[in-house]
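Remarks on the structure that follows.
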Amino acid sequence: MDIDRILLAVAVMIAATVVASSVAKKLNLGVTVALLAVGMLLGPHSAKPLLTGHVEELQTVGEIGVILLLFLVGLDTQPHKLASMRRLFLGLGTAQYLLTTIAITGLLIAVHNVQWQSALIVALGLAMSSDAVAISSLEEHAETASLRGQAVMAVVIYQNLVTILVLAVIPVLASGPAQAQLPAVSTMLEVCAAISGVYLFARYALPKALAFSARRLGIEGFFLTIIAAIFAAASIMDMVGLSSALGAFMVGMLLSSSIFADQIRASVSSLKRVLLDVFFMAIGMSINLREVIALGSQLLDYLPMLFLIKIVLVVVLALVFRLGFRTSVLVGLLLAPFDEIGYVIFTSAHSSGLLPDQAYTLGLIGISFSFMVSPVMINVGYQLADRLSKAPKPDLPRKALNGSIHNQVIVVGYSYVGRVICMILERANVPYLAFERSLDRLAEAKKSKHKVHYGDVTDPTMMGALAISHARIVIVTTRDYSAVKQVTGSLRQFYPSVKVITAVPYLYQRDELRQMGAALVVALTPEGTLSLGRSVLGELGTKPHDIETIIGSLRADDYALIRNVGDTVSENVPTDAGAGKRAASTPSHVSPPSIGRVK
């Protein structure tokens, strides 16, 4: 394909995605449905295809999005939380997979007269649920941290772990138990070595590498380091036959308690979203509606029954585990879609002679068709559940549900001012969370036991990942004026409801930030000077009433007398690196220099 056609294809796909997403949101169908529709509309099986090849390569690239999705899930699943989920993980996960496999195997043998080996391998593949669809739907409805989110994650993690056993059992079923050999000891040792290696790397080596990148390479180097680590862990797991997403999940979970967690989330989220969109579009491109229509009677013969088996079993099991009726139904719908790992399982089974051509084709189309149907079912289920539920649904983003940002004060910067602000907030029992890029200052914060994380809040992506729109207020304490302007401008543009409070040295800076929409800005130089003047007058014996009258007159009319003094006094005042020259940061409409703007 020529470069001009590639550029045209990308432009059309982006435009079609925007339009389809807008329509899907108005119809409350979800973004996933829109992406699948765009793929079917522009793929090689449409009436006027935009892309006629490279669909498999596109899907492979998109699967990186699934890997990053599982990494972010791990980042939100701290080890102690996973331990608290062991009841759901071992109980619900095991029961769901075993009972669903048994039920589907029995259905295929009894109704469709399929050999038990073929029926079992199909059931092992179809019993798995798509983490991409389930977790994306949870994110859309802000419920990854809810009880149903935990239940879904417990089952998905269990299925990721059992994938290696399913792939190992295929040659056993193909050759017969008598002729087949169990996995070699060396293979099992390789699996154990891979898991141990990823654990040791993510637990001990990676935090040091991230600290080095943050200190020496900046945010860009930090981003490349974490991406390289995710891909390396995924690759190691894939080489020994495990799910590549499992390696990414492990890395995320082991970094979940790190001071870098919020910045990591912000760095990875945008790339994940783009690649996950590519994945769903590629799935849509692989769906041949002509084949679906040709196999319509057979699809209608078994797909509804398979969906019903998966949903009913999960609902019953969730009720047994006392998750509540509404949660149980939604968990059943979220776990209904077949997993993309089924493509791998069915391809391996077909190559081994376990699945005939028609059954293989039917299985692949069934998985693809579930991607098209399941998001609609899930969104309809949420709508019905919200209508039937009397309790109001909280309008909180995913990160806010984790209890990190909602109704807390965000402090940007941990210099002297930031430290004092943190002390004041702690003494007032006001919940807060501070962010700083300097690792030296982070070390000081750790000694003082202040809640300070690594992060660049000047980046709008970071603001979105933090769900900063639900912060109580944002206090910008960094001494870099350009950074203060950037944070204030981004918040005013993307989150206008968030109150911004900051302090700057000079009046002209305060005036500029006020015009940008900051709620409260304090100019430290005039206030510090007036405070010094008050102390001088006190030492000279001036009466307190007269002192306040004099200081009040200098504050009157927004420091009018101070502004009119002129620029007859100058002194060298050190500024932070990166603050920029005065001429570069002074707006053209500001009056000539005065004491309020001495540098």
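Chains: A, B, ... in order of the structure tokens. Residues: from 1 per chain. Ligands: from 1, in order shown.
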
Exercise. Hey, what's within 10 Å of A:Ser137 if we count only C-alpha atoms and toss same-chain stuff fewer than 6 positions away? As a PyMOL selection string, please?
Worked result: chain A and resi 30-32+131+143-144+149+334+375+378-379+382

Exercise. Skipping near chain neighbours, those fewer than 2 positions away, what residues fall within 6 Å of stretch 462-475 of chain A using only C-alpha atoms, listed as a PyMOL selection string?
Worked result: chain A and resi 266+405-411+457+459-460+495+499-502

Applying 10 Å and only C-alpha atoms, which residues near A:Tyr454 remain after dropping the ones on its own chain fewer than 4 positions away? List them as a compact mmCIF listing (two decimals) with C-alpha atoms, in the first residue's frame.
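Saved to result.txt:
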```txt
# COMPACT_ATOMS: atom_id res chain seq x y z
CA ALA A 211 14.18 6.08 39.59
CA ALA A 214 13.12 9.94 36.44
CA SER A 258 5.17 2.50 44.13
CA ILE A 259 5.39 6.30 44.34
CA PHE A 260 5.60 6.19 40.53
CA ALA A 261 2.18 4.52 40.09
CA ASP A 262 0.20 7.64 39.16
CA GLN A 263 2.75 8.86 36.61
CA ILE A 264 3.00 5.35 35.13
CA GLY A 413 5.13 20.67 43.96
CA ALA A 434 1.03 15.94 46.63
CA PHE A 435 3.04 15.40 43.44
CA GLU A 436 6.70 16.16 42.78
CA ARG A 437 9.21 15.24 40.06
CA SER A 438 12.40 15.62 42.12
CA LEU A 439 13.42 12.31 43.70
CA ARG A 441 12.34 15.99 47.47
CA LEU A 442 10.42 12.72 47.39
```

With a cut-off of 12 Å, could you pull out the residues of stretch 100-146 of chain A touching stretch 280-297 of chain A and give me the nearest pair of atoms for each, distance in Å to one decimal, using only C-alpha atoms, ordered by chain and ascending number, as a tab-separated table?
```
residue	atom	partner	partner_atom	distance
A:Ser130	CA	A:Phe280	CA	11.9
A:Ala132	CA	A:Phe280	CA	9.0
A:Val133	CA	A:Phe280	CA	9.2
A:Ser136	CA	A:Phe280	CA	10.9
```

Go ahead and save the residues from that selection, with N, CA and C atoms, as a PDB file, in the first residue's frame.
```
ATOM      1  N   SER A 130     -13.700 -12.640  27.584  1.00  0.00           N
ATOM      2  CA  SER A 130     -12.829 -11.597  27.032  1.00  0.00           C
ATOM      3  C   SER A 130     -12.531 -10.533  28.083  1.00  0.00           C
ATOM      4  N   ALA A 132     -10.712  -7.962  27.407  1.00  0.00           N
ATOM      5  CA  ALA A 132     -10.763  -6.677  26.702  1.00  0.00           C
ATOM      6  C   ALA A 132     -12.164  -6.072  26.747  1.00  0.00           C
ATOM      7  N   VAL A 133     -13.182  -6.887  26.451  1.00  0.00           N
ATOM      8  CA  VAL A 133     -14.563  -6.386  26.467  1.00  0.00           C
ATOM      9  C   VAL A 133     -15.017  -6.097  27.888  1.00  0.00           C
ATOM     10  N   SER A 136     -13.010  -3.093  29.503  1.00  0.00           N
ATOM     11  CA  SER A 136     -13.370  -1.849  28.818  1.00  0.00           C
ATOM     12  C   SER A 136     -14.761  -1.387  29.227  1.00  0.00           C
TER      13      SER A 136
END
```

Exercise. Hey, what does DSSP flag as helix (DSSP H, G or I) within stretch 7-168 of chain A? Can you give it to me as a ChimeraX atom specification?
Worked result: /A:7-26,31-42,55-75,79-84,86-112,116-126,131-140,147-168

For this session: Fewer than 3 positions away in the same chain doesn't count, so skip those; otherwise give me all residues within 12 Å of stretch 300-302 of chain A, counting only C-alpha atoms, as a VMD selection string.
Result: chain A and resid 104 107 to 108 111 to 112 126 292 to 297 305 to 309 359 362 to 363 366 369

Take the residues from that selection and put them in a file with N, CA and C atoms, as a PDB file, in the first residue's frame.
```pdb
ATOM      1  N   ILE A 104     -20.897 -26.803  28.636  1.00  0.00           N
ATOM      2  CA  ILE A 104     -20.768 -26.667  27.168  1.00  0.00           C
ATOM      3  C   ILE A 104     -20.369 -27.996  26.548  1.00  0.00           C
ATOM      4  N   LEU A 107     -23.466 -30.105  26.345  1.00  0.00           N
ATOM      5  CA  LEU A 107     -24.371 -29.615  25.308  1.00  0.00           C
ATOM      6  C   LEU A 107     -23.920 -30.063  23.922  1.00  0.00           C
ATOM      7  N   LEU A 108     -22.633 -29.927  23.632  1.00  0.00           N
ATOM      8  CA  LEU A 108     -22.126 -30.284  22.300  1.00  0.00           C
ATOM      9  C   LEU A 108     -22.229 -31.790  22.050  1.00  0.00           C
ATOM     10  N   VAL A 111     -26.447 -32.633  22.122  1.00  0.00           N
ATOM     11  CA  VAL A 111     -27.298 -32.024  21.088  1.00  0.00           C
ATOM     12  C   VAL A 111     -26.685 -32.143  19.705  1.00  0.00           C
ATOM     13  N   HIS A 112     -25.367 -31.915  19.587  1.00  0.00           N
ATOM     14  CA  HIS A 112     -24.743 -31.865  18.271  1.00  0.00           C
ATOM     15  C   HIS A 112     -23.926 -33.110  17.951  1.00  0.00           C
ATOM     16  N   LEU A 126     -14.349 -21.742  24.852  1.00  0.00           N
ATOM     17  CA  LEU A 126     -15.517 -20.866  24.972  1.00  0.00           C
ATOM     18  C   LEU A 126     -15.847 -20.517  26.427  1.00  0.00           C
ATOM     19  N   VAL A 292     -21.355 -14.973   8.287  1.00  0.00           N
ATOM     20  CA  VAL A 292     -22.277 -14.986   9.428  1.00  0.00           C
ATOM     21  C   VAL A 292     -23.693 -15.283   8.968  1.00  0.00           C
ATOM     22  N   ILE A 293     -24.105 -14.621   7.849  1.00  0.00           N
ATOM     23  CA  ILE A 293     -25.455 -14.853   7.309  1.00  0.00           C
ATOM     24  C   ILE A 293     -25.579 -16.274   6.776  1.00  0.00           C
ATOM     25  N   ALA A 294     -24.512 -16.770   6.097  1.00  0.00           N
ATOM     26  CA  ALA A 294     -24.549 -18.122   5.552  1.00  0.00           C
ATOM     27  C   ALA A 294     -24.659 -19.173   6.658  1.00  0.00           C
ATOM     28  N   LEU A 295     -24.020 -18.908   7.780  1.00  0.00           N
ATOM     29  CA  LEU A 295     -24.080 -19.830   8.907  1.00  0.00           C
ATOM     30  C   LEU A 295     -25.162 -19.424   9.911  1.00  0.00           C
ATOM     31  N   GLY A 296     -26.068 -18.572   9.455  1.00  0.00           N
ATOM     32  CA  GLY A 296     -27.050 -17.994  10.363  1.00  0.00           C
ATOM     33  C   GLY A 296     -27.821 -19.014  11.166  1.00  0.00           C
ATOM     34  N   SER A 297     -28.304 -20.058  10.509  1.00  0.00           N
ATOM     35  CA  SER A 297     -29.119 -21.048  11.213  1.00  0.00           C
ATOM     36  C   SER A 297     -28.304 -21.780  12.269  1.00  0.00           C
ATOM     37  N   MET A 305     -27.679 -20.415  23.100  1.00  0.00           N
ATOM     38  CA  MET A 305     -27.591 -21.393  24.184  1.00  0.00           C
ATOM     39  C   MET A 305     -26.269 -21.264  24.941  1.00  0.00           C
ATOM     40  N   LEU A 306     -25.175 -21.008  24.200  1.00  0.00           N
ATOM     41  CA  LEU A 306     -23.869 -20.850  24.848  1.00  0.00           C
ATOM     42  C   LEU A 306     -23.849 -19.595  25.730  1.00  0.00           C
ATOM     43  N   PHE A 307     -24.381 -18.515  25.189  1.00  0.00           N
ATOM     44  CA  PHE A 307     -24.469 -17.289  25.985  1.00  0.00           C
ATOM     45  C   PHE A 307     -25.302 -17.523  27.243  1.00  0.00           C
ATOM     46  N   LEU A 308     -26.417 -18.205  27.070  1.00  0.00           N
ATOM     47  CA  LEU A 308     -27.311 -18.454  28.195  1.00  0.00           C
ATOM     48  C   LEU A 308     -26.615 -19.292  29.275  1.00  0.00           C
ATOM     49  N   ILE A 309     -25.871 -20.315  28.834  1.00  0.00           N
ATOM     50  CA  ILE A 309     -25.149 -21.160  29.791  1.00  0.00           C
ATOM     51  C   ILE A 309     -24.155 -20.328  30.600  1.00  0.00           C
ATOM     52  N   ALA A 359     -16.339 -26.897  11.914  1.00  0.00           N
ATOM     53  CA  ALA A 359     -16.404 -26.560  13.341  1.00  0.00           C
ATOM     54  C   ALA A 359     -15.399 -25.460  13.679  1.00  0.00           C
ATOM     55  N   LEU A 362     -16.799 -22.213  12.319  1.00  0.00           N
ATOM     56  CA  LEU A 362     -17.944 -21.828  13.150  1.00  0.00           C
ATOM     57  C   LEU A 362     -17.465 -21.264  14.492  1.00  0.00           C
ATOM     58  N   GLY A 363     -16.412 -21.870  15.060  1.00  0.00           N
ATOM     59  CA  GLY A 363     -15.891 -21.391  16.334  1.00  0.00           C
ATOM     60  C   GLY A 363     -15.295 -19.994  16.228  1.00  0.00           C
ATOM     61  N   GLY A 366     -18.034 -17.520  15.743  1.00  0.00           N
ATOM     62  CA  GLY A 366     -18.764 -17.361  16.994  1.00  0.00           C
ATOM     63  C   GLY A 366     -18.064 -16.407  17.955  1.00  0.00           C
ATOM     64  N   PHE A 369     -18.380 -12.935  16.491  1.00  0.00           N
ATOM     65  CA  PHE A 369     -19.766 -12.471  16.607  1.00  0.00           C
ATOM     66  C   PHE A 369     -20.070 -12.045  18.045  1.00  0.00           C
TER      67      PHE A 369
END
```

Exercise. Quick one: distance from atom CA of A:Gly65 to atom CA of A:Val198 in Å, one decimal?
Worked result: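 Separation of atom CA of A:Gly65 and atom CA of A:Val198: 19.9 Å.
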
Exercise. Can you list every residue in stretch 407-441 of chain A that DSSP puts in strand (DSSP E or B), as an NGL selection string?
Worked result: :A and (409-412 or 432-436)

Can you write out the residues you just picked, keeping C-alpha atoms, as a CSV table (one decimal), in the first residue's frame?
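Wrote part_26.csv, looks like this:
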```csv
chain,number,residue,atom,x,y,z
A,409,VAL,CA,-6.7,18.5,48.0
A,410,ILE,CA,-4.0,18.2,45.3
A,411,VAL,CA,-0.7,19.9,46.0
A,412,VAL,CA,1.5,20.4,43.0
A,432,TYR,CA,-4.4,15.6,50.5
A,433,LEU,CA,-2.1,14.1,47.9
A,434,ALA,CA,1.0,15.9,46.6
A,435,PHE,CA,3.0,15.4,43.4
A,436,GLU,CA,6.7,16.2,42.8
```

For this session: Rank nothing, just name the residue among A:Ala34, A:Ala443, A:Val274, A:Val476 nearest to A:Gly418, using only C-alpha atoms.
Result: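 When distances to A:Gly418 are compared using only C-alpha atoms, the smallest one comes from A:Val476.
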
Seminar exercise, completed: Restricting to only C-alpha atoms, whichever of A:Ser146, A:Thr225, A:Gln486, A:Ser415 is closest to A:Leu513 is A:Gln486

Problem set entry | Non-local contacts of stretch 532-539 of chain A (10 Å; only C-alpha atoms; under 5 positions in same chain excluded) as a list of chain:residue names |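 The residues that qualify are A:Pro526, A:Glu527, A:Pro544, A:Asp546, A:Ile547, A:Glu548, A:Ile550, A:Ile551.
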
For this session: Just the residues within 10 Å of stretch 86-94 of chain A, please, counting only C-alpha atoms, with nothing from its chain fewer than 5 positions along; format it as a ChimeraX atom specification.
Result: /A:81,99-100,150-159,162,314,317-318,320-321

For this session: Please measure the separation of atom CA of A:Ala503 and atom CA of A:Val521, giving the value in Å to one decimal.
Result: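 Rounded to one decimal, the two atoms are 5.4 Å apart.
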
For this session: Extract, using only C-alpha atoms, all DNA, RNA and protein residues at most 7 Å from A:Ala245, discarding same-chain residues fewer than 3 positions from it, and format them as JSON, numbers by chain.
Result: {"A": [67, 70, 234, 248, 249]}

For this session: Provide the atom CA of A:Ala233 to atom CA of A:Met250 distance in Å, to one decimal place.
Result: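 Separating atom CA of A:Ala233 from atom CA of A:Met250 is a distance of 8.4 Å.
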